[in-house]
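Data block for upload_29.csv (CSV, N, CA and C atoms):
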```csv
chain,number,residue,atom,x,y,z
A,164,MET,N,71.7,116.0,101.2
A,164,MET,CA,72.6,116.3,100.1
A,164,MET,C,72.0,115.9,98.8
A,165,GLU,N,72.1,116.8,97.8
A,165,GLU,CA,71.5,116.5,96.5
A,165,GLU,C,72.4,115.6,95.7
A,166,PHE,N,71.9,115.0,94.6
A,166,PHE,CA,72.6,114.1,93.7
A,166,PHE,C,73.9,114.6,93.2
A,167,PRO,N,73.9,115.8,92.5
A,167,PRO,CA,75.1,116.3,91.9
A,167,PRO,C,76.2,116.5,92.9
A,168,ALA,N,75.9,117.0,94.1
A,168,ALA,CA,76.9,117.2,95.2
A,168,ALA,C,77.5,115.9,95.6
A,169,VAL,N,76.7,114.9,95.7
A,169,VAL,CA,77.2,113.5,96.1
A,169,VAL,C,78.0,113.0,95.0
A,170,ALA,N,77.6,113.1,93.7
A,170,ALA,CA,78.4,112.6,92.6
A,170,ALA,C,79.7,113.3,92.5
A,171,LEU,N,79.7,114.6,92.7
A,171,LEU,CA,81.0,115.4,92.6
A,171,LEU,C,81.9,115.0,93.7
A,172,SER,N,81.4,114.8,94.9
A,172,SER,CA,82.3,114.4,96.0
A,172,SER,C,82.8,113.0,95.8
A,173,LEU,N,82.0,112.1,95.2
A,173,LEU,CA,82.5,110.7,94.9
A,173,LEU,C,83.6,110.8,93.8
A,174,LEU,N,83.4,111.6,92.8
A,174,LEU,CA,84.3,111.7,91.8
A,174,LEU,C,85.7,112.3,92.3
A,175,VAL,N,85.6,113.3,93.1
A,175,VAL,CA,86.8,113.8,93.7
A,175,VAL,C,87.5,112.8,94.5
A,176,ALA,N,86.8,112.0,95.3
A,176,ALA,CA,87.4,111.0,96.1
A,176,ALA,C,88.1,109.9,95.2
A,177,LEU,N,87.4,109.5,94.2
A,177,LEU,CA,88.0,108.5,93.3
A,177,LEU,C,89.2,109.0,92.5
A,178,ARG,N,89.1,110.2,92.1
A,178,ARG,CA,90.3,110.8,91.3
A,178,ARG,C,91.5,111.0,92.2
A,179,MET,N,91.3,111.3,93.5
A,179,MET,CA,92.4,111.6,94.4
A,179,MET,C,92.9,110.3,95.0
A,180,SER,N,92.2,109.2,94.8
A,180,SER,CA,92.7,107.9,95.4
A,180,SER,C,93.9,107.4,94.8
A,181,PRO,N,94.9,106.9,95.6
A,181,PRO,CA,96.1,106.3,95.1
A,181,PRO,C,95.8,105.0,94.2
A,182,LEU,N,94.6,104.4,94.5
A,182,LEU,CA,94.3,103.2,93.7
A,182,LEU,C,93.9,103.6,92.3
A,183,ALA,N,93.4,104.8,92.1
A,183,ALA,CA,93.1,105.2,90.8
A,183,ALA,C,94.3,105.6,90.0
A,184,ALA,N,95.4,106.0,90.7
A,184,ALA,CA,96.6,106.5,90.0
A,184,ALA,C,97.3,105.4,89.3
A,185,GLY,N,97.2,104.1,89.8
A,185,GLY,CA,97.9,103.0,89.1
A,185,GLY,C,99.4,102.9,89.4
A,186,SER,N,100.0,104.0,90.0
A,186,SER,CA,101.4,103.9,90.3
A,186,SER,C,101.5,104.0,91.9
A,187,GLU,N,102.4,103.1,92.4
A,187,GLU,CA,102.6,103.1,93.8
A,187,GLU,C,103.5,104.2,94.3
A,188,LEU,N,103.2,104.9,95.3
A,188,LEU,CA,104.1,106.0,95.8
A,188,LEU,C,105.4,105.4,96.4
A,189,GLN,N,106.4,106.1,96.1
A,189,GLN,CA,107.8,105.8,96.5
A,189,GLN,C,108.4,106.9,97.3
A,190,PRO,N,109.3,106.7,98.2
A,190,PRO,CA,109.9,107.7,99.0
A,190,PRO,C,110.6,108.8,98.3
A,191,HIS,N,111.1,108.6,97.1
A,191,HIS,CA,111.9,109.6,96.3
A,191,HIS,C,111.0,110.5,95.6
A,192,MET,N,109.7,110.2,95.5
A,192,MET,CA,108.7,111.1,94.8
A,192,MET,C,108.4,112.3,95.5
A,193,PRO,N,108.0,113.4,94.8
A,193,PRO,CA,107.8,114.7,95.5
A,193,PRO,C,106.5,114.6,96.4
A,194,ASN,N,106.6,115.3,97.5
A,194,ASN,CA,105.5,115.4,98.5
A,194,ASN,C,104.9,114.1,99.0
A,195,VAL,N,105.8,113.1,99.1
A,195,VAL,CA,105.4,111.8,99.6
A,195,VAL,C,106.0,111.6,101.0
A,196,CYS,N,105.1,111.3,102.0
A,196,CYS,CA,105.6,111.1,103.4
A,196,CYS,C,105.5,109.6,103.8
A,197,ALA,N,106.4,109.2,104.6
A,197,ALA,CA,106.4,107.8,105.1
A,197,ALA,C,105.7,107.8,106.4
A,198,GLU,N,104.9,106.7,106.5
A,198,GLU,CA,104.1,106.5,107.8
A,198,GLU,C,104.3,105.1,108.2
A,199,GLN,N,104.4,104.9,109.5
A,199,GLN,CA,104.5,103.5,110.1
A,199,GLN,C,103.2,103.0,110.4
A,200,GLU,N,102.9,101.8,110.0
A,200,GLU,CA,101.6,101.2,110.3
A,200,GLU,C,101.8,99.9,111.0
A,201,LEU,N,101.0,99.6,112.0
A,201,LEU,CA,101.1,98.3,112.7
A,201,LEU,C,100.0,97.4,112.1
A,202,GLY,N,100.4,96.2,111.8
A,202,GLY,CA,99.5,95.2,111.3
A,202,GLY,C,99.7,93.8,111.9
A,203,VAL,N,98.7,93.0,111.9
A,203,VAL,CA,98.8,91.7,112.5
A,203,VAL,C,99.2,90.7,111.4
A,204,VAL,N,100.2,89.9,111.7
A,204,VAL,CA,100.7,89.0,110.7
A,204,VAL,C,100.6,87.6,111.3
A,205,ALA,N,100.1,86.6,110.5
A,205,ALA,CA,99.9,85.2,110.9
A,205,ALA,C,101.2,84.5,110.5
A,206,LEU,N,101.8,83.8,111.4
A,206,LEU,CA,103.0,83.0,111.2
A,206,LEU,C,102.9,81.6,111.6
A,207,ARG,N,103.6,80.7,110.9
A,207,ARG,CA,103.6,79.3,111.3
A,207,ARG,C,104.8,79.0,112.2
A,208,GLN,N,104.6,78.6,113.4
A,208,GLN,CA,105.7,78.4,114.3
A,208,GLN,C,105.8,76.9,114.6
A,209,PRO,N,107.0,76.3,114.4
A,209,PRO,CA,107.2,74.9,114.7
A,209,PRO,C,107.1,74.6,116.2
A,210,CYS,N,106.5,73.5,116.5
A,210,CYS,CA,106.3,73.1,117.9
A,210,CYS,C,106.8,71.6,118.0
A,211,VAL,N,107.9,71.4,118.6
A,211,VAL,CA,108.5,70.0,118.7
A,211,VAL,C,108.1,69.4,120.0
A,212,GLN,N,107.6,68.1,119.8
A,212,GLN,CA,107.1,67.4,121.0
A,212,GLN,C,107.9,66.1,121.1
A,213,ALA,N,108.3,65.7,122.3
A,213,ALA,CA,109.0,64.4,122.5
A,213,ALA,C,108.0,63.4,123.0
A,214,LEU,N,108.1,62.2,122.4
A,214,LEU,CA,107.2,61.1,122.9
A,214,LEU,C,108.1,59.9,123.2
A,215,SER,N,107.9,59.5,124.4
A,215,SER,CA,108.7,58.3,124.9
A,215,SER,C,107.9,57.0,124.7
A,216,ARG,N,108.5,56.0,124.1
A,216,ARG,CA,107.8,54.8,123.9
A,216,ARG,C,108.8,53.6,124.1
A,217,ALA,N,108.3,52.4,124.3
A,217,ALA,CA,109.1,51.3,124.5
A,217,ALA,C,109.3,50.6,123.1
A,218,ALA,N,110.6,50.3,122.8
A,218,ALA,CA,110.9,49.7,121.5
A,218,ALA,C,111.4,48.3,121.8
A,219,ARG,N,110.9,47.3,121.0
A,219,ARG,CA,111.4,45.9,121.2
A,219,ARG,C,112.7,45.7,120.6
A,220,VAL,N,113.6,45.2,121.5
A,220,VAL,CA,115.0,44.9,121.0
A,220,VAL,C,115.4,43.4,121.4
A,221,TRP,N,116.3,42.9,120.7
A,221,TRP,CA,116.8,41.5,120.9
A,221,TRP,C,118.1,41.6,121.7
A,222,LYS,N,118.2,40.9,122.8
A,222,LYS,CA,119.3,40.9,123.7
A,222,LYS,C,120.0,39.5,123.7
A,223,GLN,N,121.3,39.5,123.9
A,223,GLN,CA,122.0,38.2,124.0
A,223,GLN,C,122.2,37.8,125.4
A,224,ASP,N,122.4,36.5,125.6
A,224,ASP,CA,122.7,35.9,126.9
A,224,ASP,C,121.8,36.4,128.0
A,225,CYS,N,120.5,36.0,127.9
A,225,CYS,CA,119.6,36.4,129.0
A,225,CYS,C,118.9,35.1,129.6
A,226,GLY,N,119.4,34.8,130.7
A,226,GLY,CA,118.8,33.7,131.5
A,226,GLY,C,118.9,32.3,130.8
A,227,GLY,N,120.0,31.9,130.3
A,227,GLY,CA,120.2,30.6,129.8
A,227,GLY,C,119.9,30.5,128.3
A,228,ARG,N,119.3,31.5,127.7
A,228,ARG,CA,119.0,31.4,126.3
A,228,ARG,C,120.0,32.4,125.6
A,229,ARG,N,120.2,32.1,124.3
A,229,ARG,CA,121.2,33.0,123.6
A,229,ARG,C,120.6,34.3,123.3
A,230,TRP,N,119.3,34.3,122.9
A,230,TRP,CA,118.6,35.6,122.5
A,230,TRP,C,117.2,35.6,123.2
A,231,CYS,N,116.9,36.8,123.6
A,231,CYS,CA,115.5,37.0,124.1
A,231,CYS,C,115.1,38.4,123.8
A,232,ALA,N,113.8,38.6,123.8
A,232,ALA,CA,113.2,39.9,123.4
A,232,ALA,C,113.1,40.8,124.7
A,233,GLY,N,113.5,42.0,124.5
A,233,GLY,CA,113.4,43.0,125.6
A,233,GLY,C,112.9,44.3,125.1
A,234,TYR,N,112.6,45.2,126.0
A,234,TYR,CA,112.1,46.5,125.7
A,234,TYR,C,113.0,47.6,126.3
A,235,GLU,N,113.3,48.6,125.4
A,235,GLU,CA,114.1,49.7,125.9
A,235,GLU,C,113.3,51.0,125.6
A,236,PRO,N,113.5,52.0,126.4
A,236,PRO,CA,112.8,53.2,126.1
A,236,PRO,C,113.5,54.0,124.9
A,237,ARG,N,112.6,54.5,124.1
A,237,ARG,CA,113.1,55.3,122.9
A,237,ARG,C,112.3,56.6,122.9
A,238,VAL,N,113.0,57.7,122.5
A,238,VAL,CA,112.4,59.0,122.4
A,238,VAL,C,112.2,59.3,120.9
A,239,VAL,N,111.0,59.6,120.5
A,239,VAL,CA,110.7,60.0,119.2
A,239,VAL,C,110.2,61.5,119.2
A,240,TYR,N,110.8,62.3,118.3
A,240,TYR,CA,110.4,63.7,118.2
A,240,TYR,C,109.5,63.9,117.0
A,241,TYR,N,108.4,64.6,117.3
A,241,TYR,CA,107.4,65.0,116.3
A,241,TYR,C,107.4,66.5,116.2
A,242,THR,N,107.4,67.0,114.9
A,242,THR,CA,107.3,68.4,114.7
A,242,THR,C,105.9,68.8,114.2
A,243,GLY,N,105.2,69.6,115.0
A,243,GLY,CA,103.9,70.1,114.5
A,243,GLY,C,104.1,71.6,114.3
A,244,TYR,N,103.0,72.2,113.8
A,244,TYR,CA,103.1,73.6,113.5
A,244,TYR,C,101.8,74.3,114.1
A,245,ARG,N,102.0,75.4,114.7
A,245,ARG,CA,100.8,76.2,115.2
A,245,ARG,C,100.8,77.6,114.6
A,246,GLN,N,99.6,78.1,114.5
A,246,GLN,CA,99.4,79.5,114.0
A,246,GLN,C,99.6,80.5,115.1
A,247,VAL,N,100.5,81.4,115.0
A,247,VAL,CA,100.7,82.5,116.0
A,247,VAL,C,100.6,83.8,115.2
A,248,TYR,N,100.2,84.8,116.0
A,248,TYR,CA,99.9,86.2,115.4
A,248,TYR,C,100.9,87.2,116.1
A,249,GLN,N,101.5,88.0,115.3
A,249,GLN,CA,102.4,89.0,115.8
A,249,GLN,C,102.0,90.4,115.2
A,250,LEU,N,102.3,91.4,116.0
A,250,LEU,CA,102.2,92.8,115.4
A,250,LEU,C,103.5,93.2,114.7
A,251,ARG,N,103.4,93.6,113.5
A,251,ARG,CA,104.6,94.0,112.8
A,251,ARG,C,104.4,95.4,112.3
A,252,SER,N,105.5,96.2,112.3
A,252,SER,CA,105.5,97.5,111.8
A,252,SER,C,105.9,97.5,110.3
A,253,GLN,N,105.1,98.3,109.5
A,253,GLN,CA,105.4,98.4,108.1
A,253,GLN,C,105.4,99.8,107.6
A,254,THR,N,106.3,100.2,106.8
A,254,THR,CA,106.3,101.6,106.3
A,254,THR,C,105.4,101.7,105.0
A,255,THR,N,104.5,102.6,105.0
A,255,THR,CA,103.7,102.9,103.9
A,255,THR,C,103.9,104.3,103.5
A,256,TYR,N,103.7,104.6,102.2
A,256,TYR,CA,103.9,105.9,101.6
A,256,TYR,C,102.6,106.5,101.2
A,257,ARG,N,102.3,107.7,101.7
A,257,ARG,CA,101.1,108.5,101.3
A,257,ARG,C,101.5,109.9,101.0
A,258,CYS,N,100.5,110.6,100.3
A,258,CYS,CA,100.7,112.0,100.1
A,258,CYS,C,100.8,112.8,101.4
A,259,CYS,N,101.7,113.7,101.4
A,259,CYS,CA,101.9,114.6,102.6
A,259,CYS,C,100.6,115.4,102.8
A,260,PRO,N,100.3,115.8,104.0
A,260,PRO,CA,99.1,116.6,104.2
A,260,PRO,C,99.0,117.8,103.3
A,261,GLY,N,97.8,118.0,102.6
A,261,GLY,CA,97.6,119.1,101.7
A,261,GLY,C,98.0,118.8,100.3
A,262,TRP,N,98.5,117.6,100.0
A,262,TRP,CA,98.9,117.2,98.6
A,262,TRP,C,98.1,116.0,98.2
A,263,SER,N,98.0,115.9,96.9
A,263,SER,CA,97.2,114.8,96.3
A,263,SER,C,97.8,114.2,95.1
A,264,GLN,N,97.5,113.0,94.7
A,264,GLN,CA,98.0,112.3,93.5
A,264,GLN,C,96.9,112.1,92.6
A,265,LEU,N,97.0,112.6,91.4
A,265,LEU,CA,96.0,112.3,90.3
A,265,LEU,C,96.5,111.1,89.5
A,266,ALA,N,95.5,110.6,88.7
A,266,ALA,CA,95.9,109.4,87.8
A,266,ALA,C,97.1,109.7,87.0
A,267,GLY,N,98.0,108.8,87.0
A,267,GLY,CA,99.2,108.9,86.1
A,267,GLY,C,100.3,109.7,86.7
A,268,ASP,N,100.2,110.4,87.8
A,268,ASP,CA,101.2,111.2,88.4
A,268,ASP,C,102.3,110.3,89.1
A,269,ALA,N,103.5,110.7,89.0
A,269,ALA,CA,104.6,110.1,89.7
A,269,ALA,C,104.9,110.9,90.9
A,270,GLY,N,104.0,110.8,91.9
A,270,GLY,CA,104.2,111.5,93.2
A,270,GLY,C,102.9,112.3,93.4
A,271,CYS,N,103.0,113.1,94.5
A,271,CYS,CA,101.9,114.0,94.9
A,271,CYS,C,102.2,115.4,94.4
A,272,LEU,N,101.6,115.7,93.2
A,272,LEU,CA,102.0,117.0,92.6
A,272,LEU,C,101.0,118.1,92.7
A,273,HIS,N,99.8,117.8,93.2
A,273,HIS,CA,98.7,118.8,93.3
A,273,HIS,C,98.3,119.1,94.7
A,274,THR,N,98.1,120.4,95.0
A,274,THR,CA,97.5,120.7,96.3
A,274,THR,C,96.1,120.4,96.2
A,275,LEU,N,95.5,120.2,97.4
A,275,LEU,CA,94.1,119.8,97.5
A,275,LEU,C,93.2,120.8,96.9
A,276,GLN,N,93.5,122.1,97.0
A,276,GLN,CA,92.7,123.2,96.4
A,276,GLN,C,92.7,123.1,94.9
A,277,THR,N,93.9,122.8,94.3
A,277,THR,CA,94.0,122.7,92.9
A,277,THR,C,93.2,121.5,92.4
A,278,VAL,N,93.3,120.4,93.1
A,278,VAL,CA,92.6,119.2,92.7
A,278,VAL,C,91.1,119.4,92.7
A,279,SER,N,90.6,119.9,93.8
A,279,SER,CA,89.1,120.0,93.9
A,279,SER,C,88.6,121.0,92.8
A,280,SER,N,89.3,122.1,92.5
A,280,SER,CA,88.8,123.0,91.5
A,280,SER,C,88.9,122.4,90.1
A,281,ALA,N,90.0,121.7,89.8
A,281,ALA,CA,90.2,121.0,88.5
A,281,ALA,C,89.2,119.9,88.3
A,282,VAL,N,89.0,119.1,89.3
A,282,VAL,CA,88.0,118.0,89.2
A,282,VAL,C,86.6,118.6,89.0
A,283,LEU,N,86.2,119.6,89.8
A,283,LEU,CA,84.9,120.2,89.7
A,283,LEU,C,84.7,120.8,88.3
A,284,HIS,N,85.7,121.5,87.8
A,284,HIS,CA,85.6,122.1,86.5
A,284,HIS,C,85.4,121.1,85.4
A,285,SER,N,86.3,120.1,85.4
A,285,SER,CA,86.2,119.0,84.3
A,285,SER,C,84.9,118.2,84.4
A,286,ASN,N,84.5,118.0,85.6
A,286,ASN,CA,83.2,117.2,85.8
A,286,ASN,C,82.0,118.0,85.6
A,287,LYS,N,82.1,119.3,85.7
A,287,LYS,CA,80.9,120.2,85.5
A,287,LYS,C,80.5,120.1,84.1
A,288,LEU,N,81.4,120.0,83.2
A,288,LEU,CA,81.1,119.9,81.7
A,288,LEU,C,80.4,118.6,81.5
A,289,LYS,N,80.8,117.5,82.1
A,289,LYS,CA,80.2,116.2,82.0
A,289,LYS,C,78.8,116.1,82.6
A,290,MET,N,78.6,116.9,83.6
A,290,MET,CA,77.4,116.8,84.4
A,290,MET,C,76.3,117.9,84.1
A,291,GLU,N,76.6,118.8,83.1
A,291,GLU,CA,75.7,119.8,82.8
A,291,GLU,C,74.3,119.4,82.5
A,292,PRO,N,74.1,118.3,81.7
A,292,PRO,CA,72.8,117.8,81.4
A,292,PRO,C,72.0,117.4,82.7
A,293,TYR,N,72.7,116.9,83.7
A,293,TYR,CA,72.1,116.5,85.0
A,293,TYR,C,71.8,117.7,85.9
A,294,LEU,N,72.7,118.7,85.8
A,294,LEU,CA,72.6,119.9,86.7
A,294,LEU,C,71.3,120.6,86.4
A,295,SER,N,70.9,120.7,85.2
A,295,SER,CA,69.6,121.4,84.9
A,295,SER,C,68.4,120.6,85.4
A,296,LEU,N,68.5,119.3,85.6
A,296,LEU,CA,67.4,118.5,86.1
A,296,LEU,C,67.1,118.9,87.6
A,297,TYR,N,68.2,119.2,88.3
A,297,TYR,CA,68.1,119.4,89.8
A,297,TYR,C,68.2,120.8,90.2
A,298,LYS,N,68.2,121.7,89.2
A,298,LYS,CA,68.2,123.2,89.4
A,298,LYS,C,69.4,123.6,90.3
A,299,VAL,N,70.6,123.1,90.0
A,299,VAL,CA,71.8,123.5,90.8
A,299,VAL,C,72.6,124.3,89.8
A,300,SER,N,73.1,125.4,90.3
A,300,SER,CA,73.9,126.3,89.4
A,300,SER,C,75.3,126.3,89.9
```

Can you turn what I pasted into structure tokens?
Amino acid sequence: MEFPAVALSLLVALRMSPLAAGSELQPHMPNVCAEQELGVVALRQPCVQALSRAARVWKQDCGGRRWCAGYEPRVVYYTGYRQVYQLRSQTTYRCCPGWSQLAGDAGCLHTLQTVSSAVLHSNKLKMEPYLSLYKVS
């Protein structure tokens, strides 16, 4: 493929890209279709662990003494977190098949045939000095 054809196809792709438009597509805009996408989402999930340990306690009246030290079991709970991954469905909005969004458009207002001829015509004027170098008419 020659340079002008590559450059034209790149320009068409960039001009048709929603990123170039600067406005995010919304469901109420013309020729916009909703699509469901699955994506992996990382979540923090709490993980509670119980730990049993002996706690020193003072007891009364134990074997002739008024106070003595003893041990009783105590349960302590610790909360840790772990990373889990889930598949989540998300609605995204794209131009319906056969339609395209150009920079500044609020929706998909151009058919692909109109877009390609408009972009080629406007870019041909910009690329005329280069076209003569590669003998492309």

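For the pair atom N of A:Gln223 and atom N of A:Tyr241, the separation is 29.0 Å.
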
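Distance annotation: of A:Glu187, A:Cys210, A:Glu198, A:Val203, the residue with the minimal separation from A:Asp268 is A:Glu187; atom set is all atoms listed in the file.
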
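The nearest approach to A:Ser263 among the residues A:Gln199, A:Gln208, A:Thr242, A:Asn194, with only N, CA and C atoms taken into account, belongs to A:Asn194.
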
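Proximity of A:Ala197, A:Leu206, A:Ala213, A:Ala218 to A:Arg237, computed with all atoms listed in the file, is greatest for A:Ala218.
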
Original post:
Can you list, as a PyMOL selection string, every protein, DNA or RNA residue that comes within 7 Å of A:Ala232 when you count only N, CA and C atoms, leaving out same-chain residues fewer than 4 positions away?
Top reply: chain A and resi 219-222
